[in-house]
file input33.cif (mmCIF, C-alpha atoms)
data_run
loop_
_atom_site.label_atom_id
_atom_site.label_comp_id
_atom_site.auth_asym_id
_atom_site.auth_seq_id
_atom_site.Cartn_x
_atom_site.Cartn_y
_atom_site.Cartn_z
CA MET J 161 2.15 13.86 -12.34
CA SER J 162 1.40 11.13 -14.81
CA ASN J 163 -0.24 11.67 -18.16
CA HIS J 164 -3.12 9.36 -17.21
CA LYS J 165 -5.98 11.75 -16.60
CA TYR J 166 -9.70 11.64 -16.98
CA PHE J 167 -12.32 14.33 -16.91
CA ILE J 168 -15.26 14.77 -14.58
CA VAL J 169 -18.20 16.88 -15.66
CA THR J 170 -20.06 18.45 -12.76
CA ARG J 171 -22.91 20.85 -13.41
CA GLY J 172 -21.58 21.56 -16.87
CA ILE J 173 -18.04 22.39 -15.68
CA GLN J 174 -15.29 20.08 -16.85
CA GLU J 175 -12.60 19.36 -14.25
CA ASN J 176 -9.23 17.80 -15.08
CA THR J 177 -8.73 15.15 -12.37
CA VAL J 178 -6.19 12.44 -11.71
CA SER J 179 -7.66 9.25 -10.22
CA ILE J 180 -6.60 8.13 -6.75
CA HIS J 181 -4.96 5.10 -8.37
CA GLU J 182 -2.84 7.31 -10.63
CA GLN J 183 -1.94 9.58 -7.73
CA ILE J 184 -0.61 6.53 -5.88
CA ILE J 185 1.38 5.46 -8.95
CA ASP J 186 2.76 8.99 -9.27
CA SER J 187 3.89 8.86 -5.62
CA LEU J 188 5.49 5.46 -6.13
CA VAL J 189 7.41 6.67 -9.18
CA ALA J 190 8.39 9.95 -7.51
CA SER J 191 9.85 7.98 -4.59
CA ARG J 192 11.63 5.66 -7.05
CA ILE J 193 9.67 2.49 -6.23
CA ASP J 194 10.53 0.05 -9.01
CA PHE J 195 9.34 -3.28 -7.57
CA VAL J 196 5.88 -4.12 -6.21
CA THR J 197 4.37 -7.35 -4.95
CA SER J 198 0.66 -7.69 -4.36
CA VAL J 199 -2.03 -10.09 -3.29
CA PRO J 200 -5.43 -9.77 -5.00
CA CYS J 201 -7.68 -7.29 -3.20
CA LYS J 202 -10.91 -5.59 -4.25
CA GLN J 203 -9.98 -2.22 -2.70
CA LEU J 204 -6.46 -2.27 -4.17
CA GLY J 205 -7.59 -3.67 -7.53
CA GLY J 206 -7.47 -0.38 -9.42
CA VAL J 207 -3.99 0.56 -8.26
CA ILE J 208 -2.77 -3.01 -8.87
CA GLU J 209 -4.06 -2.73 -12.44
CA CYS J 210 -2.21 0.59 -12.89
CA VAL J 211 1.05 -0.71 -11.43
CA GLU J 212 0.83 -3.78 -13.67
CA LYS J 213 0.78 -1.49 -16.72
CA HIS J 214 3.53 0.90 -15.59
CA PRO J 215 6.74 0.40 -17.60
CA ASP J 216 9.07 1.48 -14.77
CA ILE J 217 7.67 -0.80 -12.06
CA MET J 218 8.17 -4.55 -11.95
CA HIS J 219 5.03 -6.14 -10.52
CA ILE J 220 5.00 -9.66 -9.11
CA PRO J 221 1.61 -10.96 -7.92
CA VAL J 222 1.91 -13.42 -5.02
CA ASN J 223 -0.39 -15.86 -3.22
CA ARG J 224 0.61 -14.93 0.32
CA GLU J 225 1.79 -11.68 1.89
CA ASP J 226 4.76 -13.28 3.67
CA GLU J 227 5.92 -14.61 0.29
CA GLY J 228 5.71 -11.05 -1.06
CA MET J 229 7.81 -9.76 1.83
CA GLY J 230 10.51 -12.31 0.99
CA LEU J 231 10.48 -11.14 -2.62
CA CYS J 232 10.67 -7.51 -1.51
CA ALA J 233 13.65 -8.31 0.74
CA GLY J 234 15.46 -9.97 -2.16
CA ALA J 235 14.58 -7.13 -4.50
CA TYR J 236 15.94 -4.56 -2.03
CA LEU J 237 19.17 -6.51 -1.54
CA GLY J 238 19.42 -6.68 -5.33
CA GLY J 239 19.24 -2.88 -5.67
CA LYS J 240 15.49 -2.33 -6.16
CA ARG J 241 13.15 -0.11 -4.13
CA PRO J 242 10.23 -2.39 -3.21
CA CYS J 243 6.70 -1.90 -1.92
CA ILE J 244 4.01 -4.45 -1.04
CA PHE J 245 0.25 -4.10 -1.52
CA MET J 246 -1.78 -6.23 0.88
CA GLN J 247 -4.91 -6.53 3.04
CA ASN J 248 -4.88 -6.02 6.78
CA THR J 249 -6.69 -9.34 7.17
CA ALA J 250 -3.46 -11.17 6.33
CA LEU J 251 -1.27 -9.15 8.68
CA GLY J 252 -1.13 -12.05 11.14
CA VAL J 253 0.43 -14.24 8.46
CA THR J 254 3.28 -11.74 8.02
CA VAL J 255 4.42 -11.30 11.64
CA ASN J 256 7.30 -13.77 11.36
CA ALA J 257 8.54 -12.35 8.04
CA LEU J 258 8.29 -8.80 9.39
CA ALA J 259 10.16 -9.52 12.63
CA THR J 260 12.81 -12.03 11.54
CA LEU J 261 13.51 -10.77 8.03
CA ILE J 262 12.42 -7.19 7.39
CA GLN J 263 13.08 -5.74 10.85
CA PHE J 264 16.05 -7.91 11.86
CA TYR J 265 17.97 -7.03 8.70
CA GLN J 266 16.77 -3.40 8.79
CA LEU J 267 15.11 -3.48 5.40
CA PRO J 268 12.81 -0.65 4.33
CA LEU J 269 9.39 -1.83 3.25
CA PRO J 270 6.48 0.49 2.55
CA MET J 271 3.27 -1.55 2.92
CA LEU J 272 0.16 -0.16 1.21
CA ILE J 273 -2.56 -1.96 3.16
CA SER J 274 -6.27 -2.01 2.47
CA TYR J 275 -7.86 -1.64 5.89
CA ARG J 276 -10.97 -3.78 5.88
CA GLY J 277 -13.43 -4.27 8.73
CA GLU J 278 -14.28 -0.75 9.83
CA LEU J 279 -17.71 0.91 9.89
CA GLY J 280 -19.59 0.14 6.71
CA GLU J 281 -17.85 -3.19 6.13
CA ARG J 282 -20.20 -5.72 4.56
CA VAL J 283 -18.12 -8.84 5.21
CA ALA J 284 -18.42 -9.79 8.89
CA CYS J 285 -15.20 -11.82 9.11
CA GLN J 286 -13.17 -8.75 8.07
CA VAL J 287 -14.21 -6.95 11.27
CA GLU J 288 -12.29 -9.29 13.59
CA MET J 289 -8.89 -8.57 12.03
CA ALA J 290 -9.61 -4.83 11.92
CA ILE J 291 -9.86 -4.96 15.71
CA HIS J 292 -6.30 -6.35 15.91
CA THR J 293 -4.51 -4.63 13.00
CA LYS J 294 -3.24 -1.49 14.71
CA ALA J 295 -2.34 -3.40 17.89
CA ILE J 296 -0.21 -5.88 15.91
CA LEU J 297 1.57 -3.07 14.06
CA ASN J 298 2.09 -1.22 17.34
CA GLN J 299 3.46 -4.34 19.05
CA LEU J 300 5.97 -4.72 16.21
CA ASN J 301 6.92 -1.01 16.52
CA ILE J 302 5.97 -0.36 12.90
CA GLN J 303 5.20 3.25 12.02
CA THR J 304 1.62 3.36 10.87
CA TYR J 305 -0.29 5.97 8.88
CA HIS J 306 -4.04 5.78 8.32
CA PHE J 307 -5.43 7.31 5.13
CA HIS J 308 -9.13 8.19 5.57
CA ASN J 309 -9.54 10.77 2.82
CA PRO J 310 -8.38 10.81 -0.81
CA GLU J 311 -6.38 13.98 -0.01
CA ASP J 312 -4.20 11.91 2.33
CA VAL J 313 -2.44 10.48 -0.74
CA ARG J 314 -0.37 13.69 -0.78
CA GLU J 315 1.57 12.26 2.19
CA LEU J 316 2.49 9.00 0.43
CA GLU J 317 5.74 10.07 -1.24
CA GLY J 318 7.14 11.44 2.02
CA ILE J 319 6.11 8.32 3.95
CA ILE J 320 7.78 6.04 1.41
CA ASN J 321 10.97 8.09 1.42
CA HIS J 322 10.99 8.04 5.23
CA SER J 323 10.72 4.24 5.20
CA PHE J 324 13.82 4.00 3.02
CA MET J 325 15.76 6.64 4.97
CA SER J 326 15.05 4.90 8.30
CA LYS J 327 15.41 1.38 6.85
CA LYS J 328 12.19 0.28 8.52
CA PRO J 329 8.88 -1.17 7.42
CA THR J 330 6.03 1.34 7.30
CA ALA J 331 2.30 0.61 7.18
CA ILE J 332 -0.06 2.83 5.20
CA LEU J 333 -3.61 1.77 6.06
CA THR J 334 -6.17 2.78 3.42
CA ASP J 335 -9.77 2.39 4.50
CA GLY J 336 -13.01 2.35 2.51
CA THR J 337 -13.54 6.11 2.78
CA PHE J 338 -10.09 6.71 1.29
CA TRP J 339 -11.06 4.61 -1.76
CA GLY J 340 -14.36 6.47 -2.09
CA GLY J 341 -16.60 3.81 -0.58
CA MET J 342 -18.54 3.47 2.64
#
call {"tool": "encode", "arguments": {"input": "input33.cif", "output": "structure tokens"}}
result
Amino acid sequence: MSNHKYFIVTRGIQENTVSIHEQIIDSLVASRIDFVTSVPCKQLGGVIECVEKHPDIMHIPVNREDEGMGLCAGAYLGGKRPCIFMQNTALGVTVNALATLIQFYQLPLPMLISYRGELGERVACQVEMAIHTKAILNQLNIQTYHFHNPEDVRELEGIINHSFMSKKPTAILTDGTFWGGM
């Protein structure tokens, strides 16, 4: 575990707790992720901020998710262990990069994806892509995991390692309840 901890005081009892963002960083480091690309995202903002500060992870912000996948492919071929942080609403933009680059060349790529558009979503246009997200991933034969609860983060290290062992992209959908909202 990292040394980045904060304390929660509940009914006079102090609990030593690691934030969900730090737990994700711990899982990335434990699975030897050393290169991350990301697109700005409100739900992923805290973990993006943490990865930006981590000395062992190179972080490259990008404008488009397919651009990030190209960078991850190059990083992997250059000896890095990459991961991309993105929103499900841009999944459609990435289909070509996923199929013709990542899958064709059998490149591992863990994708930490904020899953917008489910119950409790306040932005109506996010709902439409949520309807199609899992179907697109299924059509591409991409293993998909859906994190609903903060405790699900315990699975992250194993999922990342499985992606690298199998040399396949893997989607980790993180919805609003996982991040503590909705």
call {"tool": "atom_distance", "arguments": {"input": "input33.cif", "atom1": "CA of Gly238 in chain J", "atom2": "CA of Leu316 in chain J"}}
result
23.8 Å
call {"tool": "closest_residue", "arguments": {"input": "input33.cif", "among": "J:Thr337, J:Thr249, J:Ser187, J:Asn256", "to": "Ile319 in chain J", "atoms": "all atoms listed in the file"}}
result
J:Ser187
call {"tool": "resolve_selection", "arguments": {"input": "input33.cif", "expression": "the PyMOL selection byres ((chain J and resi 193-207) around 8)", "output": "MDAnalysis selection string"}}
result
chainID J and resid 181:182 184:185 188:192 208:211 216:225 228:229 231:232 235 240:247 274 336 339
call {"tool": "atom_distance", "arguments": {"input": "input33.cif", "atom1": "CA of Thr177 in chain J", "atom2": "CA of Pro310 in chain J"}}
result
12.4 Å
call {"tool": "closest_residue", "arguments": {"input": "input33.cif", "among": "J:Phe307, J:Pro268, J:Leu300, J:Ile320", "to": "Phe338 in chain J", "atoms": "all atoms listed in the file"}}
result
J:Phe307
call {"tool": "closest_residue", "arguments": {"input": "input33.cif", "among": "J:Met289, J:Ile273, J:Ala331, J:Ile180", "to": "Asn301 in chain J", "atoms": "all atoms listed in the file"}}
result
J:Ala331
call {"tool": "atom_distance", "arguments": {"input": "input33.cif", "atom1": "CA of Lys294 in chain J", "atom2": "CA of Gly234 in chain J"}}
result
26.6 Å
call {"tool": "residues_around", "arguments": {"input": "input33.cif", "residues": "range 277-286 of chain J", "least_positions_apart": "5", "cutoff": "12 Å", "atoms": "all atoms listed in the file", "output": "VMD selection string"}}
result
chain J and resid 203 247 to 251 291 to 293 308 333 to 337 341 to 342
call {"tool": "closest_residue", "arguments": {"input": "input33.cif", "among": "J:Val287, J:Leu237, J:Val253, J:Leu258", "to": "Pro270 in chain J", "atoms": "all atoms listed in the file"}}
result
J:Leu258
call {"tool": "residues_around", "arguments": {"input": "input33.cif", "residues": "Ile302 in chain J", "least_positions_apart": "2", "cutoff": "12 Å", "atoms": "only C-alpha atoms", "output": "PDB file with C-alpha atoms, in the frame of the given file"}}
result
ATOM      1  CA  VAL J 255       4.420 -11.300  11.640  1.00  0.00           C
ATOM      2  CA  LEU J 258       8.290  -8.800   9.390  1.00  0.00           C
ATOM      3  CA  ALA J 259      10.160  -9.520  12.630  1.00  0.00           C
ATOM      4  CA  ILE J 262      12.420  -7.190   7.390  1.00  0.00           C
ATOM      5  CA  GLN J 263      13.080  -5.740  10.850  1.00  0.00           C
ATOM      6  CA  GLN J 266      16.770  -3.400   8.790  1.00  0.00           C
ATOM      7  CA  PRO J 268      12.810  -0.650   4.330  1.00  0.00           C
ATOM      8  CA  LEU J 269       9.390  -1.830   3.250  1.00  0.00           C
ATOM      9  CA  PRO J 270       6.480   0.490   2.550  1.00  0.00           C
ATOM     10  CA  MET J 271       3.270  -1.550   2.920  1.00  0.00           C
ATOM     11  CA  THR J 293      -4.510  -4.630  13.000  1.00  0.00           C
ATOM     12  CA  LYS J 294      -3.240  -1.490  14.710  1.00  0.00           C
ATOM     13  CA  ALA J 295      -2.340  -3.400  17.890  1.00  0.00           C
ATOM     14  CA  ILE J 296      -0.210  -5.880  15.910  1.00  0.00           C
ATOM     15  CA  LEU J 297       1.570  -3.070  14.060  1.00  0.00           C
ATOM     16  CA  ASN J 298       2.090  -1.220  17.340  1.00  0.00           C
ATOM     17  CA  GLN J 299       3.460  -4.340  19.050  1.00  0.00           C
ATOM     18  CA  LEU J 300       5.970  -4.720  16.210  1.00  0.00           C
ATOM     19  CA  THR J 304       1.620   3.360  10.870  1.00  0.00           C
ATOM     20  CA  TYR J 305      -0.290   5.970   8.880  1.00  0.00           C
ATOM     21  CA  SER J 323      10.720   4.240   5.200  1.00  0.00           C
ATOM     22  CA  SER J 326      15.050   4.900   8.300  1.00  0.00           C
ATOM     23  CA  LYS J 327      15.410   1.380   6.850  1.00  0.00           C
ATOM     24  CA  LYS J 328      12.190   0.280   8.520  1.00  0.00           C
ATOM     25  CA  PRO J 329       8.880  -1.170   7.420  1.00  0.00           C
ATOM     26  CA  THR J 330       6.030   1.340   7.300  1.00  0.00           C
ATOM     27  CA  ALA J 331       2.300   0.610   7.180  1.00  0.00           C
ATOM     28  CA  ILE J 332      -0.060   2.830   5.200  1.00  0.00           C
ATOM     29  CA  LEU J 333      -3.610   1.770   6.060  1.00  0.00           C
TER      30      LEU J 333
END
call {"tool": "closest_residue", "arguments": {"input": "input33.cif", "among": "J:Glu317, J:Asp186, J:Glu288, J:Asp312", "to": "His214 in chain J", "atoms": "all atoms listed in the file"}}
result
J:Asp186
call {"tool": "axis_aligned_box", "arguments": {"input": "input33.cif", "around": "range 324-337 of chain J", "padding_each_side": "3 Å", "output": "AutoDock Vina command-line options"}}
result
--center_x 1.1 --center_y 2.7 --center_z 5.5 --size_x 35.3 --size_y 13.8 --size_z 12.0
call {"tool": "closest_residue", "arguments": {"input": "input33.cif", "among": "J:Ala233, J:Met325, J:Ala290, J:Val313", "to": "Ala257 in chain J", "atoms": "all atoms listed in the file"}}
result
J:Ala233
